[in-house]
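*Asks:* The structure under discussion is supplied below as structure tokens; questions concerning it will follow.
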2 protein chains.
Amino acid sequence: MRNKEITIYDLAQRLNISAATVSRGLSDHPAINKETKKKIFDLATSLGYRSNKFASNLRKQKTNTIGVIVPRLNSLFMSSVISGIEKIINNAGYNLIIAQSFEQEAKERTNTTTMFNSRVDGLIVSLSSDTQDFSHFDTFIKKNIPIVFFDRIAKEIEATKVLIDNYKAGYQATSHLLDQGCKEILHITGNITRNVYKDRFEGYMKALEDRQIEYNPALFFTNDLSEQAVQDTITEILKRKNRPDGLFITNDSAAAYALTILKQAGLKVPKDIAIVGFNNDLISQVTEPAITTINYPGKEMGETIARIILNRLDEEGDLNITSTTTLKSELVIRASSLRKKDK
Amino acid sequence: MRNKEITIYDLAQRLNISAATVSRGLSDHPAINKETKKKIFDLATSLGYRSNKFASNLRKQKTNTIGVIVPRLNSLFMSSVISGIEKIINNAGYNLIIAQSFEQEAKERTNTTTMFNSRVDGLIVSLSSDTQDFSHFDTFIKKNIPIVFFDRIAKEIEATKVLIDNYKAGYQATSHLLDQGCKEILHITGNITRNVYKDRFEGYMKALEDRQIEYNPALFFTNDLSEQAVQDTITEILKRKNRPDGLFITNDSAAAYALTILKQAGLKVPKDIAIVGFNNDLISQVTEPAITTINYPGKEMGETIARIILNRLDEEGDLNITSTTTLKSELVIRASSLRKKDK
DNA sequence: GTGAAAGCGCTAACAT
DNA sequence: ATGTTAGCGCTTTCAC
């Protein structure tokens, strides 16, 4: 039995003015008398009036809502990004609607439709690893609703993008291992149809190439970087007689798993095998030894994304900006890869 | 230059039927002819029609949106909870709006108002550590809009609550340390005005009491469990001549920090000091030694919360349910606390 | 099985 | 500085 809502008509009636004046007063319209405004506000508060956003949205054709679709919410990186986004857009008077694709194209498609029907003013997306077809975003593009892709993007889509230079990061990570004297560098990474892993892989290749080291496919593995997958891969590696002396694995949790398994197998890190992870998650700092990694500024990325989309929203122009913002990432060197005292 | 939207009137006109029929057809009303429905659907799809939720909500006085307010989004536990919630309510046709209070009562208050004005059908809240006054939730309660509090709750509020038995968890953690022969157990925890930390603390006290060990205030610290705070506290402890031989610290990241610092100081864990954390975050598994902790099922909690709120939404009755659901948590014993071989 | 018409609450163009 | 009026797009009661 919800109470009936107070409307601007109720306020208008009690104050013997028109609903239009109440509406203007409530939104602080300059033409309205200060006294009138005060009367309106006071009555509104005392009666517990709340604006009906649906009526307002319906009328204004704007929702003040931004949608976010991410593969999964359960990583520190994602949380930080979302946290960053929320902070900025909230200050600008927007709300966030969040959905997860669970790495499935079909779910991503449904999510996108839901967002579209919810008439979000803008959409922020990190693609599922599964997504090959991007036509579900066409509706947004056609209607010129701003979309920003981040982290997991697709070259095929012309849109605003925010990411780090994964190629460079991969190059740095690998070069660092080579600098430390590694000769055989194992690379365990995610699905390389997606940019993030592909670019890191290419950076890895280039680093090898620059030192005239031939790429060895036997040292390259792609999987979902889950605990199980890492376990399986490492176990297989450990069976070989020719063991790698370096490992570049593209997320820190996976790096931590790998480290644990390698230690259990009696290997010394970094002496027997040097490790570089990715993301600079908290976890990389507390393992023994701490893991060398690539710093990946989640919150900062979120804030950047938010600012970009707010800008696009303000412009209202139909220039279809397709800028790409590349955030700085850097190698954070820790004990897991340090085999030379000098440097 | 957004395209103009297709409305049910456009469809009606083209099909030479009334808007009412289109509306009914679209929502699969039983009284509408199958053929007519098909015609409507086909045209709708080909024209790219999308229902206007605002008009619909305005008319139906329902939003299919659920609000979530949490202190912070950047922990694995929170992500998991939200992930669980999103999964369930999304299947039920609801959307999530998420906001962070950043541990500030004022922000929580604003968030609550925003949610209220957004006319969420239900609200899910984990309180900020800062919140002392709960009047901002009154509007929801008065209007009989379902609220579910989880994890960080307040005894003062009569509402539906989902949490774990923090008292028992605290008791178990402490008892376990005592079982392992610890005599002086340091307890580092968060703000104990909030239930979670308070209850754990009381469990700690009770465990001591049951063994006739007197509580020593010098072994009790509250802070924000940040890296810095843990560092400061441990540093102070290390200066003492009488060092504790056990540590119960109420989150795993903090436990991992503490472990790192203690190891750096040359102490052996668990020999010199045994450690129990809280949450069973990934991080507790990969430290050296792995950290004994309390398993805290985030995703499961999220799913439970979602089911409860959906139930409340269905009922529509105005019975103000104030149930409390306690989820199972358990001690996960790992090397950081195992000082006895037997057991 | 379908249509006519009213109204949800708000905003804005146009008056005054 | 304020009022009048129309309409945003949908649902639903009441007709037929």
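Letters A, B, ... go to the chains of the structure tokens in the order shown; residues in each chain start at 1; ligands are counted from 1 in the same order.
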Please produce chain A as an mmCIF file with C-alpha atoms, in the first residue's frame once it has been superposed on chain B, the fit using all Cα atoms paired in sequence order.
*Replies:*
```cif
data_model
loop_
_atom_site.group_PDB
_atom_site.id
_atom_site.type_symbol
_atom_site.label_atom_id
_atom_site.label_comp_id
_atom_site.auth_asym_id
_atom_site.auth_seq_id
_atom_site.Cartn_x
_atom_site.Cartn_y
_atom_site.Cartn_z
ATOM 1 C CA MET A 1 20.713 14.623 -34.660
ATOM 2 C CA ARG A 2 19.054 11.573 -33.214
ATOM 3 C CA ASN A 3 16.484 9.948 -35.424
ATOM 4 C CA LYS A 4 12.949 10.316 -34.331
ATOM 5 C CA GLU A 5 11.630 7.361 -32.472
ATOM 6 C CA ILE A 6 9.038 4.935 -33.728
ATOM 7 C CA THR A 7 6.037 4.751 -31.392
ATOM 8 C CA ILE A 8 3.170 2.359 -31.126
ATOM 9 C CA TYR A 9 1.107 4.932 -32.976
ATOM 10 C CA ASP A 10 3.350 4.641 -35.986
ATOM 11 C CA LEU A 11 2.940 0.901 -35.899
ATOM 12 C CA ALA A 12 -0.797 1.200 -35.396
ATOM 13 C CA GLN A 13 -1.191 3.565 -38.278
ATOM 14 C CA ARG A 14 0.730 1.416 -40.707
ATOM 15 C CA LEU A 15 -1.177 -1.670 -39.711
ATOM 16 C CA ASN A 16 -4.501 0.077 -39.609
ATOM 17 C CA ILE A 17 -5.214 -1.027 -36.082
ATOM 18 C CA SER A 18 -5.347 0.840 -32.795
ATOM 19 C CA ALA A 19 -2.430 1.719 -30.586
ATOM 20 C CA ALA A 20 -4.014 -0.281 -27.805
ATOM 21 C CA THR A 21 -3.885 -3.418 -29.884
ATOM 22 C CA VAL A 22 -0.264 -2.781 -30.698
ATOM 23 C CA SER A 23 0.503 -2.296 -27.031
ATOM 24 C CA ARG A 24 -1.276 -5.504 -26.146
ATOM 25 C CA GLY A 25 0.340 -7.380 -28.981
ATOM 26 C CA LEU A 26 3.784 -6.244 -27.939
ATOM 27 C CA SER A 27 3.267 -7.429 -24.392
ATOM 28 C CA ASP A 28 1.839 -10.717 -25.610
ATOM 29 C CA HIS A 29 -1.646 -10.183 -24.296
ATOM 30 C CA PRO A 30 -3.642 -13.439 -24.583
ATOM 31 C CA ALA A 31 -6.681 -11.798 -26.147
ATOM 32 C CA ILE A 32 -4.834 -10.728 -29.250
ATOM 33 C CA ASN A 33 -4.981 -12.737 -32.433
ATOM 34 C CA LYS A 34 -1.828 -14.643 -33.251
ATOM 35 C CA GLU A 35 -1.676 -13.265 -36.740
ATOM 36 C CA THR A 36 -2.084 -9.729 -35.536
ATOM 37 C CA LYS A 37 0.686 -10.247 -33.037
ATOM 38 C CA LYS A 38 2.963 -11.534 -35.698
ATOM 39 C CA LYS A 39 2.241 -8.595 -37.941
ATOM 40 C CA ILE A 40 2.948 -6.220 -35.085
ATOM 41 C CA PHE A 41 6.195 -7.889 -34.114
ATOM 42 C CA ASP A 42 7.431 -8.033 -37.660
ATOM 43 C CA LEU A 43 6.749 -4.411 -38.327
ATOM 44 C CA ALA A 44 8.221 -3.398 -34.990
ATOM 45 C CA THR A 45 11.442 -5.199 -35.746
ATOM 46 C CA SER A 46 11.734 -3.944 -39.262
ATOM 47 C CA LEU A 47 11.124 -0.378 -38.184
ATOM 48 C CA GLY A 48 13.480 -0.613 -35.234
ATOM 49 C CA TYR A 49 10.779 0.163 -32.744
ATOM 50 C CA ARG A 50 11.776 0.271 -29.094
ATOM 51 C CA SER A 51 9.438 0.576 -26.222
ATOM 52 C CA ASN A 52 9.659 3.822 -24.302
ATOM 53 C CA LYS A 53 10.251 2.777 -20.754
ATOM 54 C CA PHE A 54 9.502 6.190 -19.385
ATOM 55 C CA ALA A 55 6.073 6.342 -20.793
ATOM 56 C CA SER A 56 5.548 2.799 -19.628
ATOM 57 C CA ASN A 57 6.958 3.427 -16.172
ATOM 58 C CA LEU A 58 5.029 6.622 -15.874
ATOM 59 C CA ARG A 59 1.900 4.792 -16.668
ATOM 60 C CA LYS A 60 2.600 1.674 -14.645
ATOM 61 C CA GLN A 61 4.250 3.417 -11.727
ATOM 62 C CA LYS A 62 6.985 0.844 -11.663
ATOM 63 C CA THR A 63 10.566 1.069 -12.792
ATOM 64 C CA ASN A 64 11.995 -2.421 -12.798
ATOM 65 C CA THR A 65 15.100 -1.006 -11.295
ATOM 66 C CA ILE A 66 16.845 -1.919 -8.089
ATOM 67 C CA GLY A 67 19.363 0.337 -6.412
ATOM 68 C CA VAL A 68 22.522 -0.773 -4.671
ATOM 69 C CA ILE A 69 24.570 1.407 -2.334
ATOM 70 C CA VAL A 70 27.862 0.086 -1.065
ATOM 71 C CA PRO A 71 30.782 1.682 0.741
ATOM 72 C CA ARG A 72 33.214 0.902 -2.042
ATOM 73 C CA LEU A 73 33.255 -1.158 -5.156
ATOM 74 C CA ASN A 74 36.897 -2.027 -5.214
ATOM 75 C CA SER A 75 37.060 -5.233 -3.285
ATOM 76 C CA LEU A 76 36.645 -8.698 -4.564
ATOM 77 C CA PHE A 77 33.993 -9.385 -1.980
ATOM 78 C CA MET A 78 31.841 -6.484 -3.139
ATOM 79 C CA SER A 79 32.295 -7.336 -6.790
ATOM 80 C CA SER A 80 31.217 -10.863 -6.102
ATOM 81 C CA VAL A 81 28.153 -9.772 -4.194
ATOM 82 C CA ILE A 82 27.123 -7.378 -6.943
ATOM 83 C CA SER A 83 27.855 -9.980 -9.556
ATOM 84 C CA GLY A 84 25.544 -12.363 -7.726
ATOM 85 C CA ILE A 85 22.797 -9.800 -7.406
ATOM 86 C CA GLU A 86 23.016 -8.703 -11.000
ATOM 87 C CA LYS A 87 22.809 -12.225 -12.284
ATOM 88 C CA ILE A 88 19.586 -13.047 -10.472
ATOM 89 C CA ILE A 89 17.685 -9.826 -10.849
ATOM 90 C CA ASN A 90 18.635 -9.453 -14.467
ATOM 91 C CA ASN A 91 17.025 -12.775 -15.193
ATOM 92 C CA ALA A 92 13.932 -11.438 -13.494
ATOM 93 C CA GLY A 93 13.888 -8.450 -15.809
ATOM 94 C CA TYR A 94 15.304 -5.870 -13.450
ATOM 95 C CA ASN A 95 18.169 -3.461 -13.847
ATOM 96 C CA LEU A 96 20.719 -2.425 -11.288
ATOM 97 C CA ILE A 97 21.713 1.089 -10.385
ATOM 98 C CA ILE A 98 24.888 1.204 -8.367
ATOM 99 C CA ALA A 99 26.343 3.921 -6.188
ATOM 100 C CA GLN A 100 29.213 4.140 -3.737
ATOM 101 C CA SER A 101 29.161 5.951 -0.424
ATOM 102 C CA PHE A 102 32.947 6.014 -0.110
ATOM 103 C CA GLU A 103 32.433 5.312 3.574
ATOM 104 C CA GLN A 104 30.787 8.689 4.127
ATOM 105 C CA GLU A 105 27.398 9.169 5.664
ATOM 106 C CA ALA A 106 26.790 12.344 3.653
ATOM 107 C CA LYS A 107 27.410 10.608 0.337
ATOM 108 C CA GLU A 108 25.269 7.695 1.414
ATOM 109 C CA ARG A 109 22.510 10.126 2.163
ATOM 110 C CA THR A 110 22.755 11.756 -1.266
ATOM 111 C CA ASN A 111 22.875 8.372 -2.940
ATOM 112 C CA THR A 112 19.778 7.313 -1.103
ATOM 113 C CA THR A 113 17.918 10.405 -2.239
ATOM 114 C CA THR A 114 19.003 9.856 -5.814
ATOM 115 C CA MET A 115 17.788 6.290 -5.648
ATOM 116 C CA PHE A 116 14.553 7.443 -4.156
ATOM 117 C CA ASN A 117 14.050 9.991 -6.894
ATOM 118 C CA SER A 118 14.949 7.411 -9.487
ATOM 119 C CA ARG A 119 12.063 5.514 -7.967
ATOM 120 C CA VAL A 120 13.901 2.257 -7.620
ATOM 121 C CA ASP A 121 11.551 -0.596 -6.854
ATOM 122 C CA GLY A 122 13.897 -1.824 -4.173
ATOM 123 C CA LEU A 123 17.116 -0.874 -2.449
ATOM 124 C CA ILE A 124 20.092 -2.929 -1.356
ATOM 125 C CA VAL A 125 22.507 -1.359 1.096
ATOM 126 C CA SER A 126 25.753 -2.080 2.838
ATOM 127 C CA LEU A 127 26.278 0.777 5.253
ATOM 128 C CA SER A 128 29.231 3.098 5.248
ATOM 129 C CA SER A 129 31.405 2.786 8.323
ATOM 130 C CA ASP A 130 30.647 6.403 8.978
ATOM 131 C CA THR A 131 26.894 6.170 9.178
ATOM 132 C CA GLN A 132 25.411 6.837 12.586
ATOM 133 C CA ASP A 133 22.058 8.216 11.631
ATOM 134 C CA PHE A 134 19.679 6.188 9.502
ATOM 135 C CA SER A 135 16.878 8.617 8.864
ATOM 136 C CA HIS A 136 17.655 8.782 5.150
ATOM 137 C CA PHE A 137 16.123 5.349 4.788
ATOM 138 C CA ASP A 138 12.877 6.427 6.397
ATOM 139 C CA THR A 139 11.405 7.591 3.121
ATOM 140 C CA PHE A 140 11.785 4.090 1.740
ATOM 141 C CA ILE A 141 10.366 2.457 4.798
ATOM 142 C CA LYS A 142 7.416 4.847 4.877
ATOM 143 C CA LYS A 143 6.623 4.158 1.270
ATOM 144 C CA ASN A 144 7.090 0.468 1.904
ATOM 145 C CA ILE A 145 9.768 0.132 -0.723
ATOM 146 C CA PRO A 146 11.733 -3.020 0.089
ATOM 147 C CA ILE A 147 15.206 -2.484 1.504
ATOM 148 C CA VAL A 148 17.695 -5.235 2.121
ATOM 149 C CA PHE A 149 20.773 -4.525 4.190
ATOM 150 C CA PHE A 150 23.729 -6.812 3.873
ATOM 151 C CA ASP A 151 27.086 -7.312 5.512
ATOM 152 C CA ARG A 152 27.371 -3.883 7.107
ATOM 153 C CA ILE A 153 24.077 -3.538 8.853
ATOM 154 C CA ALA A 154 22.741 -1.662 11.843
ATOM 155 C CA LYS A 155 20.837 -3.224 14.679
ATOM 156 C CA GLU A 156 18.862 -0.018 14.971
ATOM 157 C CA ILE A 157 17.093 -0.492 11.676
ATOM 158 C CA GLU A 158 14.224 -2.863 11.389
ATOM 159 C CA ALA A 159 14.607 -4.346 7.964
ATOM 160 C CA THR A 160 15.515 -7.405 6.012
ATOM 161 C CA LYS A 161 19.125 -8.323 6.549
ATOM 162 C CA VAL A 162 21.569 -10.735 5.008
ATOM 163 C CA LEU A 163 24.865 -11.436 6.684
ATOM 164 C CA ILE A 164 27.129 -14.036 8.160
ATOM 165 C CA ASP A 165 27.516 -14.859 11.808
ATOM 166 C CA ASN A 166 30.447 -12.585 12.505
ATOM 167 C CA TYR A 167 30.381 -13.402 16.179
ATOM 168 C CA LYS A 168 30.779 -17.065 15.489
ATOM 169 C CA ALA A 169 33.431 -16.406 12.871
ATOM 170 C CA GLY A 170 35.399 -14.293 15.338
ATOM 171 C CA TYR A 171 35.023 -16.984 17.941
ATOM 172 C CA GLN A 172 36.191 -19.703 15.563
ATOM 173 C CA ALA A 173 39.166 -17.732 14.351
ATOM 174 C CA THR A 174 40.314 -16.954 17.863
ATOM 175 C CA SER A 175 39.652 -20.430 19.207
ATOM 176 C CA HIS A 176 41.646 -21.871 16.375
ATOM 177 C CA LEU A 177 44.620 -19.692 17.274
ATOM 178 C CA LEU A 178 44.272 -20.724 20.899
ATOM 179 C CA ASP A 179 44.128 -24.360 19.851
ATOM 180 C CA GLN A 180 47.390 -23.823 18.074
ATOM 181 C CA GLY A 181 48.955 -22.783 21.327
ATOM 182 C CA CYS A 182 48.799 -19.023 20.970
ATOM 183 C CA LYS A 183 48.662 -17.142 24.240
ATOM 184 C CA GLU A 184 48.746 -13.518 23.220
ATOM 185 C CA ILE A 185 46.481 -12.835 20.308
ATOM 186 C CA LEU A 186 46.662 -9.509 18.595
ATOM 187 C CA HIS A 187 43.369 -8.378 17.092
ATOM 188 C CA ILE A 188 43.486 -5.773 14.327
ATOM 189 C CA THR A 189 40.117 -4.831 12.932
ATOM 190 C CA GLY A 190 37.890 -2.099 11.501
ATOM 191 C CA ASN A 191 35.607 0.419 13.113
ATOM 192 C CA ILE A 192 33.686 -1.478 15.783
ATOM 193 C CA THR A 193 30.685 0.803 15.762
ATOM 194 C CA ARG A 194 29.671 -1.259 12.757
ATOM 195 C CA ASN A 195 28.276 -4.737 13.358
ATOM 196 C CA VAL A 196 30.725 -6.722 11.282
ATOM 197 C CA TYR A 197 33.775 -5.717 13.244
ATOM 198 C CA LYS A 198 31.986 -5.440 16.544
ATOM 199 C CA ASP A 199 30.610 -8.959 16.347
ATOM 200 C CA ARG A 200 33.955 -10.403 15.359
ATOM 201 C CA PHE A 201 35.514 -8.623 18.274
ATOM 202 C CA GLU A 202 32.929 -10.021 20.645
ATOM 203 C CA GLY A 203 33.588 -13.481 19.296
ATOM 204 C CA TYR A 204 37.252 -12.901 19.963
ATOM 205 C CA MET A 205 36.483 -11.837 23.536
ATOM 206 C CA LYS A 206 34.252 -14.812 24.164
ATOM 207 C CA ALA A 207 36.855 -17.250 22.910
ATOM 208 C CA LEU A 208 39.395 -15.776 25.290
ATOM 209 C CA GLU A 209 36.920 -15.852 28.118
ATOM 210 C CA ASP A 210 36.081 -19.490 27.528
ATOM 211 C CA ARG A 211 39.722 -20.322 28.115
ATOM 212 C CA GLN A 212 40.039 -18.068 31.106
ATOM 213 C CA ILE A 213 42.385 -15.757 29.295
ATOM 214 C CA GLU A 214 42.056 -12.187 30.286
ATOM 215 C CA TYR A 215 41.424 -9.663 27.548
ATOM 216 C CA ASN A 216 44.411 -7.397 27.042
ATOM 217 C CA PRO A 217 43.485 -4.007 25.559
ATOM 218 C CA ALA A 218 47.079 -3.513 24.475
ATOM 219 C CA LEU A 219 46.504 -6.240 21.913
ATOM 220 C CA PHE A 220 43.462 -4.634 20.337
ATOM 221 C CA PHE A 221 43.615 -2.160 17.459
ATOM 222 C CA THR A 222 40.978 -0.631 15.240
ATOM 223 C CA ASN A 223 41.833 1.227 12.063
ATOM 224 C CA ASP A 224 40.790 1.310 8.429
ATOM 225 C CA LEU A 225 42.791 -1.807 7.572
ATOM 226 C CA SER A 226 44.618 0.009 4.804
ATOM 227 C CA GLU A 227 48.163 -0.867 3.911
ATOM 228 C CA GLN A 228 49.424 2.161 5.802
ATOM 229 C CA ALA A 229 47.362 1.467 8.897
ATOM 230 C CA VAL A 230 48.503 -2.132 9.053
ATOM 231 C CA GLN A 231 52.090 -1.046 8.586
ATOM 232 C CA ASP A 232 51.829 1.468 11.417
ATOM 233 C CA THR A 233 50.199 -0.955 13.784
ATOM 234 C CA ILE A 234 52.599 -3.791 13.128
ATOM 235 C CA THR A 235 55.563 -1.465 13.411
ATOM 236 C CA GLU A 236 54.380 -0.389 16.807
ATOM 237 C CA ILE A 237 53.880 -3.961 17.909
ATOM 238 C CA LEU A 238 57.343 -4.921 16.791
ATOM 239 C CA LYS A 239 58.832 -2.339 19.139
ATOM 240 C CA ARG A 240 57.432 -4.114 22.160
ATOM 241 C CA LYS A 241 59.487 -6.561 24.123
ATOM 242 C CA ASN A 242 56.438 -8.692 24.762
ATOM 243 C CA ARG A 243 55.349 -9.718 21.328
ATOM 244 C CA PRO A 244 52.069 -11.442 20.532
ATOM 245 C CA ASP A 245 52.225 -14.957 19.137
ATOM 246 C CA GLY A 246 48.937 -14.828 17.261
ATOM 247 C CA LEU A 247 47.178 -12.363 14.987
ATOM 248 C CA PHE A 248 43.517 -12.226 14.047
ATOM 249 C CA ILE A 249 43.135 -9.513 11.447
ATOM 250 C CA THR A 250 39.786 -9.030 9.812
ATOM 251 C CA ASN A 251 40.459 -8.947 6.150
ATOM 252 C CA ASP A 252 42.738 -10.896 3.897
ATOM 253 C CA SER A 253 44.459 -8.025 2.168
ATOM 254 C CA ALA A 254 45.365 -6.613 5.540
ATOM 255 C CA ALA A 255 46.477 -10.076 6.630
ATOM 256 C CA ALA A 256 48.686 -10.279 3.574
ATOM 257 C CA TYR A 257 50.214 -6.882 4.312
ATOM 258 C CA ALA A 258 50.807 -7.880 7.897
ATOM 259 C CA LEU A 259 52.379 -11.138 6.822
ATOM 260 C CA THR A 260 54.724 -9.349 4.455
ATOM 261 C CA ILE A 261 55.807 -6.864 7.094
ATOM 262 C CA LEU A 262 56.301 -9.509 9.757
ATOM 263 C CA LYS A 263 58.406 -11.599 7.436
ATOM 264 C CA GLN A 264 60.498 -8.589 6.552
ATOM 265 C CA ALA A 265 61.082 -8.066 10.241
ATOM 266 C CA GLY A 266 62.516 -11.538 10.385
ATOM 267 C CA LEU A 267 59.665 -13.261 12.170
ATOM 268 C CA LYS A 268 58.607 -16.752 11.212
ATOM 269 C CA VAL A 269 54.974 -17.403 10.426
ATOM 270 C CA PRO A 270 53.355 -19.392 11.966
ATOM 271 C CA LYS A 271 56.191 -20.308 14.348
ATOM 272 C CA ASP A 272 56.700 -16.893 15.910
ATOM 273 C CA ILE A 273 53.267 -15.605 15.146
ATOM 274 C CA ALA A 274 50.259 -17.426 13.727
ATOM 275 C CA ILE A 275 47.866 -15.484 11.497
ATOM 276 C CA VAL A 276 44.170 -15.714 10.703
ATOM 277 C CA GLY A 277 42.563 -13.386 8.166
ATOM 278 C CA PHE A 278 39.023 -12.913 6.943
ATOM 279 C CA ASN A 279 37.083 -13.268 3.657
ATOM 280 C CA ASN A 280 38.910 -16.047 1.856
ATOM 281 C CA ASP A 281 39.980 -13.706 -0.876
ATOM 282 C CA LEU A 282 42.164 -15.129 -3.560
ATOM 283 C CA ILE A 283 45.087 -13.364 -1.985
ATOM 284 C CA SER A 284 45.030 -15.557 1.076
ATOM 285 C CA GLN A 285 45.838 -18.603 -1.039
ATOM 286 C CA VAL A 286 48.938 -17.360 -2.720
ATOM 287 C CA THR A 287 50.950 -15.837 0.070
ATOM 288 C CA GLU A 288 53.801 -17.766 1.617
ATOM 289 C CA PRO A 289 52.585 -19.281 3.847
ATOM 290 C CA ALA A 290 48.975 -19.314 2.711
ATOM 291 C CA ILE A 291 46.688 -17.560 5.147
ATOM 292 C CA THR A 292 44.092 -19.228 7.336
ATOM 293 C CA THR A 293 40.868 -17.325 6.891
ATOM 294 C CA ILE A 294 37.099 -17.234 7.164
ATOM 295 C CA ASN A 295 35.318 -18.143 3.976
ATOM 296 C CA TYR A 296 32.831 -15.436 3.123
ATOM 297 C CA PRO A 297 30.679 -16.351 0.163
ATOM 298 C CA GLY A 298 30.197 -13.104 -1.735
ATOM 299 C CA LYS A 299 28.461 -14.349 -4.838
ATOM 300 C CA GLU A 300 26.167 -16.590 -2.857
ATOM 301 C CA MET A 301 25.342 -13.676 -0.609
ATOM 302 C CA GLY A 302 24.516 -11.576 -3.652
ATOM 303 C CA GLU A 303 22.227 -14.233 -5.012
ATOM 304 C CA THR A 304 20.475 -14.595 -1.692
ATOM 305 C CA ILE A 305 19.957 -10.869 -1.430
ATOM 306 C CA ALA A 306 18.544 -10.758 -4.938
ATOM 307 C CA ARG A 307 16.107 -13.593 -4.300
ATOM 308 C CA ILE A 308 14.905 -12.002 -1.105
ATOM 309 C CA ILE A 309 14.281 -8.645 -2.660
ATOM 310 C CA LEU A 310 12.516 -10.166 -5.651
ATOM 311 C CA ASN A 311 10.261 -12.049 -3.275
ATOM 312 C CA ARG A 312 9.415 -8.909 -1.409
ATOM 313 C CA LEU A 313 8.677 -7.218 -4.699
ATOM 314 C CA ASP A 314 6.316 -9.969 -5.752
ATOM 315 C CA GLU A 315 4.372 -10.088 -2.556
ATOM 316 C CA GLU A 316 3.213 -6.514 -2.824
ATOM 317 C CA GLY A 317 1.783 -7.086 0.593
ATOM 318 C CA ASP A 318 2.596 -4.426 3.123
ATOM 319 C CA LEU A 319 3.789 -6.829 5.747
ATOM 320 C CA ASN A 320 7.065 -5.312 6.765
ATOM 321 C CA ILE A 321 9.268 -8.339 6.883
ATOM 322 C CA THR A 322 12.273 -7.964 9.117
ATOM 323 C CA SER A 323 13.892 -11.312 8.663
ATOM 324 C CA THR A 324 17.590 -11.850 9.018
ATOM 325 C CA THR A 325 19.284 -14.407 6.829
ATOM 326 C CA THR A 326 22.557 -15.721 8.122
ATOM 327 C CA LEU A 327 24.786 -17.369 5.587
ATOM 328 C CA LYS A 328 27.182 -20.102 6.457
ATOM 329 C CA SER A 329 30.787 -19.082 6.842
ATOM 330 C CA GLU A 330 33.597 -21.335 7.880
ATOM 331 C CA LEU A 331 37.160 -21.390 8.956
ATOM 332 C CA VAL A 332 39.579 -22.360 6.202
ATOM 333 C CA ILE A 333 42.742 -23.598 7.810
ATOM 334 C CA ARG A 334 46.001 -22.998 5.987
ATOM 335 C CA ALA A 335 49.686 -22.895 6.827
ATOM 336 C CA SER A 336 49.789 -19.425 8.377
ATOM 337 C CA SER A 337 48.272 -20.702 11.584
ATOM 338 C CA LEU A 338 49.259 -24.354 11.719
ATOM 339 C CA ARG A 339 51.746 -24.828 14.523
ATOM 340 C CA LYS A 340 50.756 -28.291 15.630
ATOM 341 C CA LYS A 341 51.171 -31.247 13.360
ATOM 342 C CA ASP A 342 48.438 -33.183 15.022
ATOM 343 C CA LYS A 343 45.324 -31.228 14.917
#
```
*Asks:* Which of segment 161-276 of chain A counts as strand (DSSP E) under DSSP, as a ChimeraX atom specification please?
*Replies:* /A:161-164,185-189,220-222,246-249,274-276
*Asks:* Counting only C-alpha atoms (C1' of nucleotides), what are the residues of chain C within 9 Å of segment 1-14 of chain D, and for each of them which pair of atoms is the nearest and at what distance in Å, to one decimal? Sort the table by chain and rising number, as CSV.
*Replies:*
```
residue,atom,partner,partner_atom,distance
C:DC14,C1',D:DT4,C1',8.7
C:DA15,C1',D:DT4,C1',7.5
C:DT16,C1',D:DG3,C1',8.0
```
*Asks:* Where does DSSP see helix (DSSP H, G or I) in segment 75-196 of chain B, if you list the residues as number ranges by chain?
*Replies:* B: 76-91, 105-117, 135-142, 166-179, 195-196
*Asks:* Sorted by chain and rising residue number, which residues of chain C lie within 8 Å of chain A, and what are their closest atom pairs and distances in Å to one decimal, counting only C-alpha atoms (C1' of nucleotides), as CSV?
*Replies:*
```
residue,atom,partner,partner_atom,distance
C:DC8,C1',A:Ala55,CA,7.9
C:DG9,C1',A:Ala55,CA,5.0
C:DC10,C1',A:Ser56,CA,5.0
C:DT11,C1',A:Arg59,CA,6.2
```
